[in-house]
Every structure is written in C-alpha cells, then in structure tokens.
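Novice: Here's a structure for you.
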There are 2 protein chains.
Amino acid sequence: MSQFSPLIDELIEALRCLPGVGPKSAQRMTFQLLERNRPGAQRLASVLARAAEQVGHCRSCRTLTEREECPICADSRRDQQTICVVESPADVLAFEQGGDYRGLYFVLMGRLSPIDGIGPEDIGVDLLVERVKALGVSELILATNPTVEGEATAYFISEQMRRLGVPVSRIAHGVPLGGELEYVDSGTLAHALKGRQRFE
Amino acid sequence: MSQFSPLIDELIEALRCLPGVGPKSAQRMTFQLLERNRPGAQRLASVLARAAEQVGHCRSCRTLTEREECPICADSRRDQQTICVVESPADVLAFEQGGDYRGLYFVLMGRLSPIDGIGPEDIGVDLLVERVKALGVSELILATNPTVEGEATAYFISEQMRRLGVPVSRIAHGVPLGGELEYVDSGTLAHALKGRQRFE
C-alpha cells in the first residue's frame with residue numbers, strides 16, 4: 001500500500017484495529033473521512049482518546065464506565081436484592097434492551113479459562129462475594145454464555161454462593177422465540193426438553 | 001442507549017461516522033477497543049487527529065496527501081507525458097494495484113454534477129489544463145466512472161483538451177475478465193460490442 005502518502009497509509013493501518021475491518025474497508029473509511037467528514041474524524045479522534053484514557057471499571061459491578069460507579073449501580077430504584085452475573089458489558093446491554101430485568105448486574109469481564117490462565121481472581125469473584133454479602137442479596141442469576149467455559153464459570157460461582165447460603169438460578173436455555181425446531185441444534189433441544197415446565 | 005456511561009455512549013455515536021458502521025457494529029467496536037485494545041484505540045485516535053488536520057491535496061494532481069506533492073507526482077521515473085484522469089484517490093489505488101500504468105494521475109475529487117452545484121472549478125479543470133500545458137502531455141486518459149455524471153465529466157474535459165490539441169482517450173468498457181456474458185447487463189454488453197477490436 002505504498003501508493004499513498006505515509007500518514008494516509010498509517011491511518012488505513014490504524015483503522016484495522018477495529019473488529020471486522022479489513023484492508024478494503026479501512027481504505028474506504030479513510031477516504032470517506034478525509035474527503036467528506038473531517039469534523040466527524042476530529043470528533044472521533046477526540047472521543048476515542050478520552051475514552052481510552054478515562055474509561056475504567058465500575059467499583060461495584062466491574063462494567064466499563066468512566067465514573068466510579070456505573071449508572072445502573074448508582075440507581076437506587078433498581079432492585080438491590082438481585083444480581084445477574086454476565087460475562088461482558090454487551091450482555092448487560094442485551095438485558096437492558098429487553099427492559100424486564102430491574103435488578104443489578106455483576107460483569108465478570110471474561111470467563112474462567114485455565115488454558116488462557118484466567119482464574120477466579122481475574123473475573124472478580126472476590127468482589128462478587130463481597131458485594132453479595134454487603135447487599136444481602138436474595139437471588140443470584142447466572143447468565144454466563146452456554147459454552148463449556150461459561151458453564152464452568154457458572155458452576156464455580158454457584159459453589160461460592162452455596163457456601164454463603166445465597167439462592168442461585170441459571171437463565172433458561174432452550175428454543176429461541178421464532179425459532180423452528182427443525183433448525184435448532186441437538187444440544188439446545190436437549191436443554192429445552194430437560195428444562196420443560198408444566199403447561200398451564 | 002442510555003444504559004451506558006455518557007463517554008461510552010459518545011464513543012459509540014462517534015464511531016457511526018465511519019461508512020458501513022451501524023449501532024451494533026459501533027457497540028462491538030467500542031467494547032473491543034476498551035476491553036482488549038487500548039493501545040490500538042490510542043494509536044487510532046492520534047493518527048486520526050493528525051490526518052484530519054494535516055492531510056490536504058497534492059498541488060499537482062489534487063489527490064489526498066499530507067505533503068505538498070504526492071509520492072506519485074514527485075516520482076521522476078513516472079512517465080510525465082501521460083495523465084490519467086480519475087474521480088477519486090481510491091481509483092488511483094485501483095490502477096496502482098494493477099501496476100501496468102506508469103504515467104501520472106489527475107484526481108478530480110468528484111465529478112461534474114450541476115444538480116449538486118458541482119461545476120468545472122470544483123473538480124479542478126483549470127489546474128488540469130495548466131498541468132497539461134506545463135508538462136506537454138502527449139496523451140490524456142479519461143478514467144471517470146461509466147455513470148451519467150462520469151460520462152458528462154469525461155466529455156467536458158475532452159472538449160477542453162481538444163482546444164489544446166491534446167490527444168484524449170477513454171478507458172475501455174466491456175465484459176470484465178472472468179465475467180459470464182449471461183450475467184452481464186445489457187449496457188455493458190452494448191459497450192463491449194461497440195468497442196470490439198480485430199482478433200489477431
């Protein structure tokens with residue numbers, strides 16, 4: 001790509017740190033920004049620099065935030081007796097978009113993964129235990145992903161909670177709404193069958 | 001999207017100025033950068049700010065560059081007698097990736113478009129005429145896009161060149177290599193037929 005001036009090459013290369021952006025998209029983004037949207041580029045540069053520097057973790061739930069405590073933890077109208085444990089901030093958003101859940105969250109920022117050297121201290125289990133004790137939580141909902149590592153993480157946390165005597169639940173896994181049985185994988189079907197409930 | 005902290009919302013919003021990036025991708029990019037790639041984010045912010053401020057146009061061919069003259073115009077080994085006229089810097093790249101063309105370029109940074117108020121002065125026709133005179137160009141190749149506006153632009157420039165007595169050519173339009181006749185549109189086929197050459 002030595003056809004361009006060095007700074008333009010550098011911008012194309014730098015844009016490739018974005019997920020899903022290959023060489024062609026990076027080129028297209030570069031030209032679009034430089035030809036048509038300098039104010040947008042300048043604004044993006046400034047917000048990005050500030051976010052990369054200032055965003056840290058919520059001291060209560062570990063999600064990403066530039067404040068000491070995230071807006072959800074700081075909101076006293078949320079149900080302080082229920083904590084939903086998720087793997088990432090994007091999972092929090094998924095629940096919030098549904099709007100049915102009014103409790104708090106705890107964001108592991110990952111999952112247990114011994115081969116990657118990710119242990120309980122990396123996913124903040126100590127902080128979770130502390131928080132559960134401090135709030136006197138009446139239910140802990142495990143919403144880690146239904147992968148091998150997500151299940152192992154859920155199991156590990158449930159063991160910790162058992163010691164504290166805190167009731168633990170796991171979100172249901174089954175056929176998604178609008179899904180057709182024909183196209184659902186056998187693992188999901190097995191879960192759906194096992195998790196069946198009385199029809200009323 | 002008020003579920004996040006303001007700075008994170010702002011970053012998601014700012015990323016949407018990139019072409020092809022909707023709300024979901026912007027979210028994914030934000031989390032990826034903040035969770036896993038702060039150095040990449042910081043580098044992108046810095047390069048973007050510098051590029052938005054420093055990149056201007058080559059004084060000879062109008063392409064994007066942070067220098068006075070772009071690397072191609074500054075390269076004395078290029079054939080100074082031939083100029084290829086294209087609409088955008090991305091078109092220059094397309095030719096350069098082929099590697100068959102060794103002449104210079106002139107980048108219109110757009111095309112004539114009366115309804116958008118884009119006239120000859122906006123696409124730098126004066127500069128092109130000046131440059132053609134100064135270099136004593138022996139061939140001007142028109143490589144604007146085969147759209148209505150691109151064709152009108154090509155026609156307008158060819159008229160200017162006719163007055164200067166400079167030979168003008170237009171790149172061939174026809175069936176692309178590897179293309180199947182069955183799937184080629186009728187306009188392209190008409191061009192292919194009209195532009196046929198003796199088979200040797």
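Naming scheme: A, B, ... for chains in displayed order of the structure tokens; residues 1 onward per chain; ligands 1 onward as shown.
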Counting only C-alpha atoms, a student should be able to say which residues of chain B come within 6 Å of chain A; what is the right answer, written as a list in words?

Specialist: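 Filtering chain B at 6 Å from chain A with only C-alpha atoms gives Ser5, Leu11, Ala14, Leu18, Pro19, Met29, Arg38, Gln42, Leu44, Ala45, Val47, Leu48, Ala49, Ala52 and Thr65 of chain B.
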
Novice: May I have the residues within 9 Å of B:Pro146 as a PyMOL selection string, using only C-alpha atoms and disregarding those fewer than 4 positions away in the same chain?

Specialist: chain B and resi 150-151+173

Novice: Please produce a file of those selected residues containing N, CA and C atoms, as an mmCIF file, in the first residue's frame.

Specialist:
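That gives us part.cif:
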data_model
loop_
_atom_site.group_PDB
_atom_site.id
_atom_site.type_symbol
_atom_site.label_atom_id
_atom_site.label_comp_id
_atom_site.auth_asym_id
_atom_site.auth_seq_id
_atom_site.Cartn_x
_atom_site.Cartn_y
_atom_site.Cartn_z
ATOM 1 N N GLY B 150 -20.210 10.694 -14.700
ATOM 2 C CA GLY B 150 -18.829 10.403 -15.080
ATOM 3 C C GLY B 150 -18.618 10.608 -16.568
ATOM 4 N N GLU B 151 -19.599 10.194 -17.376
ATOM 5 C CA GLU B 151 -19.501 10.349 -18.831
ATOM 6 C C GLU B 151 -19.543 11.831 -19.204
ATOM 7 N N HIS B 173 -14.731 0.012 -21.912
ATOM 8 C CA HIS B 173 -15.779 -0.576 -21.080
ATOM 9 C C HIS B 173 -16.278 -1.816 -21.774
#

Novice: For B:Ala134, work out the shell of residues within 12 Å, counting only C-alpha atoms and skipping chain neighbours fewer than 6 positions away, then give it as a PyMOL selection string.

Specialist: chain B and resi 60+80-81+127-128+164

Novice: Please provide the set of residues having any atom within 12 Å of stretch 152-155 of chain B, restricted to only C-alpha atoms, with same-chain residues fewer than 3 positions apart removed, written as a PyMOL selection string.

Specialist: chain B and resi 84-87+108-114+118-120+122-125+140-149+158-162+168-171

Novice: From a DSSP pass on the backbone, collect the residues of stretch 31-187 of chain B flagged as strand (DSSP E) and hand them back as a PyMOL selection string.

Specialist: chain B and resi 56-57+64-65+79-86+103-107+139-142+168-170

Novice: To one decimal in Å, tell me the separation between atom CA of B:Tyr105 and atom CA of B:Val137.

Specialist: 11.7 Å

Novice: What's the separation between atom CA of A:Lys194 and atom CA of A:Val175, in Å to one decimal place?

Specialist: 11.8 Å

Novice: So how many Å separate atom CA of B:Ala190 and atom CA of B:Gly174, to one decimal?

Specialist: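 Value for the atom CA of B:Ala190-atom CA of B:Gly174 distance: 8.0 Å.
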
Novice: Give the helix (DSSP H, G or I) residues of stretch 11-77 of chain A, as assigned by DSSP on the backbone, as a ChimeraX atom specification.

Specialist: /A:11-15,23-36,38-54,71-74

Novice: Pull N, CA and C atoms from the residues just selected and write them as a tab-separated table (two decimals), in the first residue's frame.

Specialist:
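Result went into result_31.tsv, see below:
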chain	number	residue	atom	x	y	z
A	11	LEU	N	-3.06	5.75	8.70
A	11	LEU	CA	-4.46	5.80	9.12
A	11	LEU	C	-5.19	4.52	8.69
A	12	ILE	N	-4.93	4.08	7.45
A	12	ILE	CA	-5.56	2.84	6.97
A	12	ILE	C	-5.18	1.69	7.89
A	13	GLU	N	-3.90	1.63	8.24
A	13	GLU	CA	-3.41	0.56	9.11
A	13	GLU	C	-4.05	0.66	10.50
A	14	ALA	N	-4.13	1.87	11.03
A	14	ALA	CA	-4.67	2.06	12.39
A	14	ALA	C	-6.14	1.68	12.46
A	15	LEU	N	-6.89	1.93	11.40
A	15	LEU	CA	-8.33	1.61	11.39
A	15	LEU	C	-8.56	0.11	11.45
A	23	PRO	N	-8.56	-4.61	5.02
A	23	PRO	CA	-7.84	-3.56	4.29
A	23	PRO	C	-8.75	-2.70	3.41
A	24	LYS	N	-9.70	-3.33	2.72
A	24	LYS	CA	-10.58	-2.57	1.82
A	24	LYS	C	-11.49	-1.61	2.57
A	25	SER	N	-12.10	-2.10	3.67
A	25	SER	CA	-12.98	-1.23	4.45
A	25	SER	C	-12.18	-0.09	5.06
A	26	ALA	N	-10.97	-0.41	5.52
A	26	ALA	CA	-10.15	0.62	6.16
A	26	ALA	C	-9.84	1.73	5.15
A	27	GLN	N	-9.56	1.34	3.92
A	27	GLN	CA	-9.32	2.31	2.85
A	27	GLN	C	-10.54	3.18	2.61
A	28	ARG	N	-11.70	2.49	2.53
A	28	ARG	CA	-12.93	3.20	2.26
A	28	ARG	C	-13.21	4.20	3.39
A	29	MET	N	-13.01	3.76	4.64
A	29	MET	CA	-13.23	4.64	5.78
A	29	MET	C	-12.30	5.84	5.72
A	30	THR	N	-11.04	5.58	5.40
A	30	THR	CA	-10.05	6.66	5.34
A	30	THR	C	-10.46	7.72	4.33
A	31	PHE	N	-10.81	7.29	3.12
A	31	PHE	CA	-11.17	8.26	2.09
A	31	PHE	C	-12.45	9.00	2.44
A	32	GLN	N	-13.41	8.25	2.98
A	32	GLN	CA	-14.68	8.87	3.35
A	32	GLN	C	-14.44	9.96	4.39
A	33	LEU	N	-13.65	9.66	5.41
A	33	LEU	CA	-13.40	10.63	6.47
A	33	LEU	C	-12.63	11.83	5.94
A	34	LEU	N	-11.59	11.58	5.15
A	34	LEU	CA	-10.74	12.69	4.70
A	34	LEU	C	-11.40	13.52	3.61
A	35	GLU	N	-12.20	12.88	2.76
A	35	GLU	CA	-12.82	13.63	1.67
A	35	GLU	C	-14.09	14.33	2.12
A	36	ARG	N	-14.87	13.67	3.00
A	36	ARG	CA	-16.19	14.20	3.28
A	36	ARG	C	-16.52	14.52	4.71
A	38	ARG	N	-14.32	15.59	7.78
A	38	ARG	CA	-13.22	15.95	8.70
A	38	ARG	C	-13.73	16.23	10.11
A	39	PRO	N	-14.89	16.94	10.26
A	39	PRO	CA	-15.35	17.19	11.63
A	39	PRO	C	-15.64	15.88	12.37
A	40	GLY	N	-16.26	14.91	11.64
A	40	GLY	CA	-16.54	13.61	12.24
A	40	GLY	C	-15.25	12.93	12.66
A	41	ALA	N	-14.23	13.00	11.81
A	41	ALA	CA	-12.95	12.36	12.11
A	41	ALA	C	-12.33	13.00	13.35
A	42	GLN	N	-12.40	14.32	13.42
A	42	GLN	CA	-11.80	15.01	14.56
A	42	GLN	C	-12.53	14.68	15.85
A	43	ARG	N	-13.86	14.60	15.75
A	43	ARG	CA	-14.65	14.28	16.93
A	43	ARG	C	-14.34	12.85	17.38
A	44	LEU	N	-14.29	11.92	16.41
A	44	LEU	CA	-13.99	10.52	16.75
A	44	LEU	C	-12.62	10.43	17.43
A	45	ALA	N	-11.64	11.14	16.88
A	45	ALA	CA	-10.29	11.11	17.44
A	45	ALA	C	-10.30	11.58	18.89
A	46	SER	N	-11.04	12.65	19.13
A	46	SER	CA	-11.03	13.22	20.48
A	46	SER	C	-11.77	12.32	21.47
A	47	VAL	N	-12.95	11.82	21.08
A	47	VAL	CA	-13.72	10.94	21.98
A	47	VAL	C	-12.94	9.67	22.27
A	48	LEU	N	-12.31	9.13	21.22
A	48	LEU	CA	-11.56	7.88	21.35
A	48	LEU	C	-10.41	8.04	22.33
A	49	ALA	N	-9.69	9.16	22.20
A	49	ALA	CA	-8.55	9.40	23.08
A	49	ALA	C	-9.02	9.53	24.53
A	50	ARG	N	-10.12	10.28	24.72
A	50	ARG	CA	-10.63	10.45	26.09
A	50	ARG	C	-11.11	9.13	26.67
A	51	ALA	N	-11.87	8.36	25.85
A	51	ALA	CA	-12.41	7.08	26.35
A	51	ALA	C	-11.27	6.13	26.69
A	52	ALA	N	-10.27	6.04	25.80
A	52	ALA	CA	-9.16	5.11	26.05
A	52	ALA	C	-8.43	5.46	27.33
A	53	GLU	N	-8.44	6.75	27.67
A	53	GLU	CA	-7.72	7.16	28.87
A	53	GLU	C	-8.59	7.07	30.12
A	54	GLN	N	-9.84	7.51	30.00
A	54	GLN	CA	-10.65	7.68	31.21
A	54	GLN	C	-11.53	6.50	31.60
A	71	PRO	N	-23.98	3.93	35.93
A	71	PRO	CA	-25.34	4.47	36.15
A	71	PRO	C	-26.30	3.43	36.75
A	72	ILE	N	-26.15	2.16	36.40
A	72	ILE	CA	-27.08	1.15	36.92
A	72	ILE	C	-26.84	0.92	38.41
A	73	CYS	N	-25.57	0.75	38.81
A	73	CYS	CA	-25.27	0.54	40.23
A	73	CYS	C	-25.65	1.77	41.05
A	74	ALA	N	-25.54	2.95	40.43
A	74	ALA	CA	-25.81	4.20	41.15
A	74	ALA	C	-27.31	4.49	41.27

Novice: Which is closer to B:Pro167 than all the others in B:Asp116, B:Asp79, B:Glu139, B:Asp126, using only C-alpha atoms?

Specialist: B:Glu139
